[in-house]
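See below for upload14.pdb, which holds PDB, C-alpha atoms and all ligand atoms.
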```pdb
ATOM      1  CA  MET G1218       6.031   3.060   0.775
ATOM      2  CA  TYR G1219       5.280   6.706   1.534
ATOM      3  CA  ARG G1220       5.703   8.981  -1.494
ATOM      4  CA  GLY G1221       5.462  12.728  -1.148
ATOM      5  CA  ARG G1222       6.144  15.557  -3.528
ATOM      6  CA  PHE G1223       6.842  19.228  -4.006
ATOM      7  CA  ALA G1224       5.297  20.814  -7.096
ATOM      8  CA  PRO G1225       6.491  24.399  -7.674
ATOM      9  CA  THR G1226       5.322  26.560 -10.564
ATOM     10  CA  PRO G1227       8.397  28.167 -12.139
ATOM     11  CA  SER G1228       6.814  31.565 -12.722
ATOM     12  CA  GLY G1229       9.319  33.223 -10.387
ATOM     13  CA  PRO G1230      12.153  32.354  -8.001
ATOM     14  CA  LEU G1231      11.723  30.124  -4.968
ATOM     15  CA  HIS G1232      10.531  32.354  -2.088
ATOM     16  CA  PHE G1233       9.963  31.849   1.625
ATOM     17  CA  GLY G1234       6.373  30.622   1.077
ATOM     18  CA  SER G1235       7.499  27.942  -1.354
ATOM     19  CA  LEU G1236      10.373  26.993   0.938
ATOM     20  CA  VAL G1237       7.823  26.269   3.683
ATOM     21  CA  ALA G1238       5.929  23.924   1.323
ATOM     22  CA  ALA G1239       9.159  22.311   0.127
ATOM     23  CA  LEU G1240      10.539  21.775   3.616
ATOM     24  CA  GLY G1241       7.226  20.625   5.118
ATOM     25  CA  SER G1242       6.725  17.979   2.442
ATOM     26  CA  PHE G1243      10.405  16.964   2.580
ATOM     27  CA  LEU G1244      10.506  16.546   6.376
ATOM     28  CA  ARG G1245       7.277  14.589   6.396
ATOM     29  CA  ALA G1246       8.476  12.208   3.668
ATOM     30  CA  ARG G1247      11.969  11.691   5.040
ATOM     31  CA  SER G1248      10.781  11.281   8.632
ATOM     32  CA  LEU G1249       8.693   8.355   7.385
ATOM     33  CA  HIS G1250      11.644   6.968   5.388
ATOM     34  CA  GLY G1251       9.682   7.707   2.250
ATOM     35  CA  GLU G1252      10.468   9.132  -1.150
ATOM     36  CA  TRP G1253      10.196  12.812  -1.997
ATOM     37  CA  HIS G1254       9.560  13.740  -5.621
ATOM     38  CA  LEU G1255       9.844  16.982  -7.498
ATOM     39  CA  ARG G1256       7.433  18.133 -10.162
ATOM     40  CA  ILE G1257       7.851  21.288 -12.186
ATOM     41  CA  GLU G1258       4.377  22.692 -12.882
ATOM     42  CA  ASP G1259       5.264  24.658 -15.997
ATOM     43  CA  ILE G1260       2.140  23.781 -17.950
ATOM     44  CA  ASP G1261       1.242  27.452 -18.433
ATOM     45  CA  GLU G1262       4.104  28.318 -20.726
ATOM     46  CA  THR G1263       3.123  31.982 -20.849
ATOM     47  CA  ARG G1264       3.907  32.410 -17.131
ATOM     48  CA  CYS G1265       6.761  29.966 -16.650
ATOM     49  CA  ARG G1266      10.377  30.253 -17.669
ATOM     50  CA  GLN G1267      13.251  27.814 -17.927
ATOM     51  CA  GLU G1268      15.518  30.139 -15.947
ATOM     52  CA  TYR G1269      13.147  29.903 -12.972
ATOM     53  CA  THR G1270      13.078  26.112 -13.224
ATOM     54  CA  ASP G1271      16.890  26.067 -13.233
ATOM     55  CA  GLY G1272      16.956  28.461 -10.282
ATOM     56  CA  ILE G1273      14.477  26.383  -8.242
ATOM     57  CA  LEU G1274      16.500  23.192  -8.796
ATOM     58  CA  ARG G1275      19.711  24.995  -7.854
ATOM     59  CA  ASP G1276      18.190  26.539  -4.703
ATOM     60  CA  LEU G1277      16.780  23.194  -3.539
ATOM     61  CA  GLU G1278      20.221  21.665  -3.927
ATOM     62  CA  VAL G1279      21.892  24.458  -1.942
ATOM     63  CA  LEU G1280      19.272  23.883   0.763
ATOM     64  CA  GLY G1281      20.080  20.157   0.788
ATOM     65  CA  LEU G1282      16.536  19.259  -0.298
ATOM     66  CA  PHE G1283      17.478  16.481  -2.694
ATOM     67  CA  TRP G1284      14.638  14.728  -4.467
ATOM     68  CA  ASP G1285      14.260  11.115  -5.592
ATOM     69  CA  GLY G1286      14.325  10.165  -9.256
ATOM     70  CA  THR G1287      14.041  12.650 -12.086
ATOM     71  CA  PRO G1288      11.839  15.736 -11.794
ATOM     72  CA  LEU G1289       8.577  15.443 -13.708
ATOM     73  CA  ILE G1290       8.308  18.334 -16.158
ATOM     74  CA  GLN G1291       4.689  19.060 -17.052
ATOM     75  CA  SER G1292       5.407  20.957 -20.279
ATOM     76  CA  ARG G1293       6.756  17.679 -21.716
ATOM     77  CA  ARG G1294       3.657  15.670 -20.914
ATOM     78  CA  HIS G1295       0.960  17.071 -23.196
ATOM     79  CA  GLU G1296       0.300  13.690 -24.853
ATOM     80  CA  ILE G1297      -0.409  12.039 -21.513
ATOM     81  CA  TYR G1298      -2.828  14.784 -20.413
ATOM     82  CA  ARG G1299      -4.556  14.583 -23.794
ATOM     83  CA  GLU G1300      -5.119  10.833 -23.290
ATOM     84  CA  VAL G1301      -6.587  11.339 -19.827
ATOM     85  CA  LEU G1302      -8.878  14.066 -21.150
ATOM     86  CA  ASP G1303      -9.998  11.901 -24.081
ATOM     87  CA  GLY G1304     -10.778   9.081 -21.654
ATOM     88  CA  LEU G1305     -12.938  11.395 -19.543
ATOM     89  CA  ASN G1306     -14.715  12.610 -22.654
ATOM     90  CA  ILE G1307     -15.504   9.077 -23.831
ATOM     91  CA  GLN G1308     -17.051   8.380 -20.433
ATOM     92  CA  GLY G1309     -19.195  11.510 -20.723
ATOM     93  CA  PHE G1310     -17.490  13.556 -18.029
ATOM     94  CA  THR G1311     -16.679  16.662 -20.070
ATOM     95  CA  TYR G1312     -18.347  19.461 -21.981
ATOM     96  CA  GLY G1313     -17.175  22.448 -23.970
ATOM     97  CA  CYS G1314     -17.689  25.919 -22.557
ATOM     98  CA  ASN G1315     -17.371  29.347 -24.126
ATOM     99  CA  CYS G1316     -18.258  31.372 -21.042
ATOM    100  CA  THR G1317     -16.036  34.302 -20.264
ATOM    101  CA  ARG G1318     -14.579  34.964 -16.828
ATOM    102  CA  SER G1319     -16.777  38.025 -16.374
ATOM    103  CA  LEU G1320     -19.907  36.001 -17.096
ATOM    104  CA  ILE G1321     -18.921  33.427 -14.494
ATOM    105  CA  LYS G1322     -18.214  36.227 -12.040
ATOM    106  CA  LEU G1323     -21.672  37.658 -12.685
ATOM    107  CA  ASN G1324     -23.041  34.240 -11.801
ATOM    108  CA  GLY G1325     -21.477  34.400  -8.339
ATOM    109  CA  GLY G1326     -18.239  32.659  -9.357
ATOM    110  CA  HIS G1327     -20.092  29.530 -10.480
ATOM    111  CA  HIS G1328     -20.273  28.279 -13.976
ATOM    112  CA  PRO G1329     -23.869  28.695 -15.245
ATOM    113  CA  GLU G1330     -25.541  25.427 -16.129
ATOM    114  CA  TYR G1331     -26.375  25.987 -19.756
ATOM    115  CA  CYS G1332     -23.187  24.761 -21.498
ATOM    116  CA  ARG G1333     -23.509  21.610 -19.430
ATOM    117  CA  ILE G1334     -27.191  21.120 -20.170
ATOM    118  CA  GLU G1335     -26.673  21.653 -23.868
ATOM    119  CA  GLY G1336     -23.797  19.165 -23.712
ATOM    120  CA  ARG G1337     -21.714  21.426 -25.897
ATOM    121  CA  PRO G1338     -19.004  19.804 -27.981
ATOM    122  CA  TRP G1339     -15.369  20.819 -27.721
ATOM    123  CA  ASN G1340     -15.404  23.625 -30.243
ATOM    124  CA  ARG G1341     -12.230  25.315 -31.249
ATOM    125  CA  GLY G1342     -11.398  27.964 -28.688
ATOM    126  CA  ALA G1343     -13.756  26.472 -26.098
ATOM    127  CA  ALA G1344     -12.646  25.561 -22.614
ATOM    128  CA  ILE G1345     -13.328  22.007 -21.448
ATOM    129  CA  ARG G1346     -14.985  21.496 -18.090
ATOM    130  CA  PHE G1347     -15.428  18.524 -15.779
ATOM    131  CA  LYS G1348     -19.032  17.451 -15.334
ATOM    132  CA  SER G1349     -18.846  17.309 -11.582
ATOM    133  CA  SER G1350     -21.429  15.783  -9.278
ATOM    134  CA  SER G1351     -19.811  17.639  -6.333
ATOM    135  CA  SER G1352     -19.894  14.280  -4.618
ATOM    136  CA  VAL G1353     -16.897  14.957  -2.401
ATOM    137  CA  THR G1354     -18.290  17.032   0.402
ATOM    138  CA  CYS G1355     -15.550  16.512   2.993
ATOM    139  CA  PHE G1356     -12.146  15.037   3.657
ATOM    140  CA  THR G1357      -9.869  14.684   6.645
ATOM    141  CA  ASP G1358      -6.691  16.693   6.658
ATOM    142  CA  LEU G1359      -3.770  15.544   8.757
ATOM    143  CA  VAL G1360      -3.095  19.049  10.080
ATOM    144  CA  ARG G1361      -6.566  20.589  10.112
ATOM    145  CA  GLY G1362      -8.844  17.629  10.766
ATOM    146  CA  PHE G1363     -12.305  17.331   9.219
ATOM    147  CA  LEU G1364     -12.864  19.777   6.344
ATOM    148  CA  SER G1365     -16.247  20.436   4.821
ATOM    149  CA  ARG G1366     -16.683  21.700   1.272
ATOM    150  CA  ALA G1367     -19.252  24.256   2.430
ATOM    151  CA  GLU G1368     -16.458  26.189   4.153
ATOM    152  CA  PHE G1369     -14.208  26.270   1.077
ATOM    153  CA  PRO G1370     -16.192  27.475  -1.924
ATOM    154  CA  SER G1371     -14.691  26.569  -5.275
ATOM    155  CA  GLU G1372     -15.754  26.462  -8.887
ATOM    156  CA  ASN G1373     -18.456  23.838  -9.472
ATOM    157  CA  ASP G1374     -17.529  22.322 -12.849
ATOM    158  CA  PHE G1375     -13.812  23.106 -12.799
ATOM    159  CA  LEU G1376     -11.685  23.435 -15.903
ATOM    160  CA  LEU G1377      -9.811  20.530 -17.452
ATOM    161  CA  LYS G1378      -8.512  22.553 -20.367
ATOM    162  CA  ARG G1379      -8.456  26.312 -20.620
ATOM    163  CA  ARG G1380      -9.701  28.424 -23.501
ATOM    164  CA  ASP G1381      -6.122  29.382 -24.349
ATOM    165  CA  GLY G1382      -5.388  25.701 -24.973
ATOM    166  CA  PHE G1383      -3.387  24.897 -21.819
ATOM    167  CA  PHE G1384      -4.379  21.897 -19.740
ATOM    168  CA  ALA G1385      -5.734  23.053 -16.389
ATOM    169  CA  TYR G1386      -4.107  22.615 -12.990
ATOM    170  CA  ASN G1387      -6.561  20.080 -11.532
ATOM    171  CA  LEU G1388      -6.249  17.717 -14.496
ATOM    172  CA  VAL G1389      -2.456  17.755 -14.659
ATOM    173  CA  SER G1390      -2.005  17.625 -10.916
ATOM    174  CA  VAL G1391      -4.249  14.577 -10.448
ATOM    175  CA  THR G1392      -2.679  12.831 -13.451
ATOM    176  CA  ASP G1393       0.856  13.406 -12.220
ATOM    177  CA  ASP G1394       0.227  12.503  -8.591
ATOM    178  CA  ARG G1395      -1.042   9.170  -9.891
ATOM    179  CA  GLU G1396       1.896   8.781 -12.298
ATOM    180  CA  THR G1397       4.421   9.222  -9.483
ATOM    181  CA  GLY G1398       2.471   7.026  -7.071
ATOM    182  CA  ILE G1399       2.113   9.831  -4.533
ATOM    183  CA  THR G1400       0.540   8.596  -1.299
ATOM    184  CA  GLU G1401       0.188  11.915   0.528
ATOM    185  CA  ILE G1402       0.027  15.535  -0.590
ATOM    186  CA  VAL G1403       1.579  18.136   1.687
ATOM    187  CA  ARG G1404       1.004  21.692   0.405
ATOM    188  CA  GLY G1405      -0.382  25.098   1.375
ATOM    189  CA  VAL G1406      -3.892  25.618   2.769
ATOM    190  CA  ASP G1407      -4.719  27.807  -0.241
ATOM    191  CA  LEU G1408      -5.204  24.603  -2.249
ATOM    192  CA  ILE G1409      -7.873  23.141   0.053
ATOM    193  CA  PRO G1410     -10.736  24.423  -2.185
ATOM    194  CA  ASP G1411      -9.242  22.555  -5.173
ATOM    195  CA  THR G1412      -8.774  19.362  -3.193
ATOM    196  CA  PHE G1413     -12.477  18.408  -3.158
ATOM    197  CA  GLY G1414     -12.587  18.484  -6.968
ATOM    198  CA  GLN G1415      -9.257  16.691  -7.249
ATOM    199  CA  ILE G1416     -10.490  13.853  -5.047
ATOM    200  CA  GLU G1417     -13.627  13.552  -7.205
ATOM    201  CA  LEU G1418     -11.582  13.564 -10.415
ATOM    202  CA  ALA G1419      -9.166  10.936  -9.062
ATOM    203  CA  ARG G1420     -12.089   8.707  -8.067
ATOM    204  CA  THR G1421     -13.694   9.130 -11.497
ATOM    205  CA  LEU G1422     -10.422   8.029 -13.085
ATOM    206  CA  GLY G1423     -10.185   5.036 -10.749
ATOM    207  CA  TYR G1424      -7.009   6.277  -9.054
ATOM    208  CA  PRO G1425      -6.148   5.238  -5.499
ATOM    209  CA  GLU G1426      -7.040   7.528  -2.602
ATOM    210  CA  MET G1427      -4.341   9.514  -0.858
ATOM    211  CA  SER G1428      -4.034  11.580   2.261
ATOM    212  CA  TYR G1429      -3.611  15.336   2.643
ATOM    213  CA  ALA G1430      -1.783  17.664   4.990
ATOM    214  CA  SER G1431      -2.312  21.405   4.556
ATOM    215  CA  LEU G1432       0.434  23.738   5.721
ATOM    216  CA  PRO G1433      -0.095  27.291   6.997
ATOM    217  CA  LEU G1434       0.848  30.061   4.583
ATOM    218  CA  ALA G1435       3.580  32.604   5.075
ATOM    219  CA  LEU G1436       1.903  35.991   4.629
ATOM    220  CA  SER G1437       3.418  39.309   3.629
ATOM    221  CA  GLU G1438       3.061  42.502   5.710
ATOM    222  CA  SER G1439      -0.179  43.277   3.823
ATOM    223  CA  GLY G1440      -1.631  39.890   4.817
ATOM    224  CA  SER G1441      -1.527  38.327   1.363
ATOM    225  CA  LYS G1442       0.160  35.047   0.508
ATOM    226  CA  TYR G1443       3.769  35.302  -0.651
ATOM    227  CA  SER G1444       3.531  34.191  -4.212
ATOM    228  CA  LYS G1445       5.329  34.546  -7.459
ATOM    229  CA  GLN G1446       2.389  36.521  -8.850
ATOM    230  CA  ASN G1447       2.824  39.228  -6.237
ATOM    231  CA  HIS G1448       6.574  39.219  -6.821
ATOM    232  CA  ALA G1449       7.728  37.668  -3.569
ATOM    233  CA  PRO G1450      11.478  38.154  -3.323
ATOM    234  CA  GLY G1451      13.727  35.183  -4.034
ATOM    235  CA  LEU G1452      15.636  33.544  -1.190
ATOM    236  CA  ASP G1453      18.943  34.898   0.033
ATOM    237  CA  LEU G1454      20.918  31.673   0.155
ATOM    238  CA  ARG G1455      24.051  32.962   1.855
ATOM    239  CA  ASN G1456      22.935  31.311   5.110
ATOM    240  CA  PRO G1457      20.965  28.250   4.037
ATOM    241  CA  VAL G1458      20.793  26.724   7.533
ATOM    242  CA  GLN G1459      19.274  29.931   8.924
ATOM    243  CA  LEU G1460      16.638  29.845   6.210
ATOM    244  CA  LEU G1461      15.833  26.196   6.837
ATOM    245  CA  LEU G1462      15.603  26.886  10.561
ATOM    246  CA  ARG G1463      13.197  29.807  10.000
ATOM    247  CA  ALA G1464      10.996  27.692   7.738
ATOM    248  CA  ALA G1465      11.026  24.768  10.189
ATOM    249  CA  VAL G1466      10.159  27.048  13.123
ATOM    250  CA  PHE G1467       7.349  28.532  11.009
ATOM    251  CA  LEU G1468       6.103  24.939  10.765
ATOM    252  CA  GLY G1469       6.014  24.735  14.559
ATOM    253  CA  GLN G1470       9.140  22.622  14.977
ATOM    254  CA  GLU G1471      11.262  23.251  18.057
ATOM    255  CA  TYR G1472      15.019  23.068  18.450
ATOM    256  CA  PRO G1473      17.388  23.166  21.410
ATOM    257  CA  PRO G1474      19.210  26.474  22.053
ATOM    258  CA  GLU G1475      22.510  25.249  20.625
ATOM    259  CA  ILE G1476      20.794  24.863  17.248
ATOM    260  CA  ALA G1477      18.244  27.680  17.426
ATOM    261  CA  ALA G1478      20.775  30.294  18.560
ATOM    262  CA  ALA G1479      23.683  29.355  16.313
ATOM    263  CA  PRO G1480      22.384  27.542  13.252
ATOM    264  CA  ASP G1481      25.451  28.483  11.233
ATOM    265  CA  ASN G1482      27.573  26.134  13.322
ATOM    266  CA  LEU G1483      25.831  23.313  11.503
ATOM    267  CA  ARG G1484      26.121  22.164   7.957
ATOM    268  CA  VAL G1485      22.933  21.935   5.890
ATOM    269  CA  SER G1486      23.059  18.135   5.996
ATOM    270  CA  GLU G1487      23.536  18.114   9.781
ATOM    271  CA  PHE G1488      20.597  20.451  10.341
ATOM    272  CA  LEU G1489      18.347  18.454   8.042
ATOM    273  CA  GLU G1490      19.316  15.192   9.688
ATOM    274  CA  TYR G1491      18.308  16.631  13.051
ATOM    275  CA  ALA G1492      15.139  18.203  11.621
ATOM    276  CA  VAL G1493      14.072  14.938   9.969
ATOM    277  CA  SER G1494      14.585  12.799  13.033
ATOM    278  CA  ASN G1495      12.769  15.284  15.290
ATOM    279  CA  PHE G1496       9.982  16.220  12.896
ATOM    280  CA  ASP G1497       6.556  16.204  14.526
ATOM    281  CA  VAL G1498       3.634  16.718  12.194
ATOM    282  CA  ARG G1499       1.315  17.365  15.170
ATOM    283  CA  LYS G1500       3.193  20.583  15.941
ATOM    284  CA  ILE G1501       2.343  22.203  12.593
ATOM    285  CA  PRO G1502       0.102  25.192  13.332
ATOM    286  CA  VAL G1503      -3.213  25.703  11.614
ATOM    287  CA  VAL G1504      -3.060  29.472  11.375
ATOM    288  CA  SER G1505      -1.213  31.281   8.581
ATOM    289  CA  ARG G1506       1.055  34.081   9.847
ATOM    290  CA  LYS G1507       2.883  37.162   8.670
ATOM    291  CA  VAL G1508       6.588  36.703   8.127
ATOM    292  CA  PRO G1509       8.977  39.487   7.219
ATOM    293  CA  VAL G1510      11.386  38.585   4.418
TER     294      VAL G1510
HETATM  295  N1  LIG B1601       2.159  24.493  -8.340
HETATM  296  C1  LIG B1601       1.448  24.909  -7.175
HETATM  297  C2  LIG B1601       2.168  26.093  -6.550
HETATM  298  O1  LIG B1601       3.298  26.392  -6.923
HETATM  299  C3  LIG B1601       1.328  23.790  -6.153
HETATM  300  C4  LIG B1601       0.392  22.757  -6.603
HETATM  301  C5  LIG B1601       0.240  21.525  -5.695
HETATM  302  O2  LIG B1601       1.027  21.352  -4.752
HETATM  303  O3  LIG B1601      -0.664  20.741  -5.961
HETATM  304  O4  LIG B1601       1.582  26.745  -5.708
END
```
If you convert what's in this file into structure tokens, what do you get?
Amino acid sequence: MYRGRFAPTPSGPLHFGSLVAALGSFLRARSLHGEWHLRIEDIDETRCRQEYTDGILRDLEVLGLFWDGTPLIQSRRHEIYREVLDGLNIQGFTYGCNCTRSLIKLNGGHHPEYCRIEGRPWNRGAAIRFKSSSSVTCFTDLVRGFLSRAEFPSENDFLLKRRDGFFAYNLVSVTDDRETGITEIVRGVDLIPDTFGQIELARTLGYPEMSYASLPLALSESGSKYSKQNHAPGLDLRNPVQLLLRAAVFLGQEYPPEIAAAPDNLRVSEFLEYAVSNFDVRKIPVVSRKVPV
């Protein structure tokens, strides 16, 4: 059974960029008669707010993007992440690190070796890093084909737990994808650099392999990714079918004139039914593009 997911961070409202990721993963899952799960990535409680979570759930419902089961809420899963981290520690895959961001930057964005060599313990206030062997040097992406790590630089020994005490994205993401039995991850290309480390972590934990499809990003006028951090505007949901159509067209999907020219003649459910049955993953473009919002 195919199981996909959408994993928004509720640090702001749902915006056009997140709609593209939501719709892309939804269409892929439903076109394969699979499940589509929702995960709220609110592990960083300083950035995330309940009102944004509520808003994201409400917007997805208005857009007809109904998920299977109950959403997984990361802020309620600390115990589970702690267990996974303890397991990695027992197997010797972690070390404590007190390096500051500026020190890592000075070292060309890579964590210097010495915390690792010293095998530092997990002191209070220390971050915890994954002792990576950088063994995953490539993977095949459904949209972009063969991807080599050399083209997507990322942190060598990535964080499992941050100095401020929050569990880090790679740890919680890999844990939760396993928990929900996800078989394929469909998300933005900006997460390709993290994927190599996530595959390595999943293998270390003995989790099954999955496949990946990276979607192009919707870029703002200035060429940067629409994101909650740069205050991308929330969606105007007065015409949900128009929004869905725009996101689907951004994903390279094509529709006959009677739909493309007058989307408001359709109900959300009718549009989605058509979009699911005509979804073609091979039409998804590789290149990210500017989109006015
Ligand atoms: N939470 C991330 C975001 O909102 C997505 C993470 C993922 O799909 O693995 O960009």
- Rounded to one decimal in Å, what is the spacing between CA of Arg1395 (chain G) and CA of Pro1425 (chain G)? 7.8 Å
- note - CA of Pro1410 (chain G) and CA of Phe1283 (chain G) are separated by 29.3 Å
- Message: So that I can check the surroundings of region 1484-1497 of chain G, please list as a ChimeraX atom specification every protein, DNA and RNA residue that reaches within 7 Å of it, counting only C-alpha atoms and ignoring chain neighbours fewer than 6 positions away.
- Response: /G:1244,1247-1248,1280-1281,1457-1458,1470
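Checking G:Leu1231, G:Leu1468, G:Leu1364, G:Leu1452 one by one against ligand LIG 1601 (chain B), counting only C-alpha atoms and all ligand atoms, you find the shortest gap at G:Leu1231.
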- Message: Taking 3 positions as the minimum chain separation for residues in the same chain, which residues sit within 9 Å of Asp1407 (chain G) when counting only C-alpha atoms? Answer as a ChimeraX atom specification.
- Response: /G:1404,1410-1411,1431-1434,1442
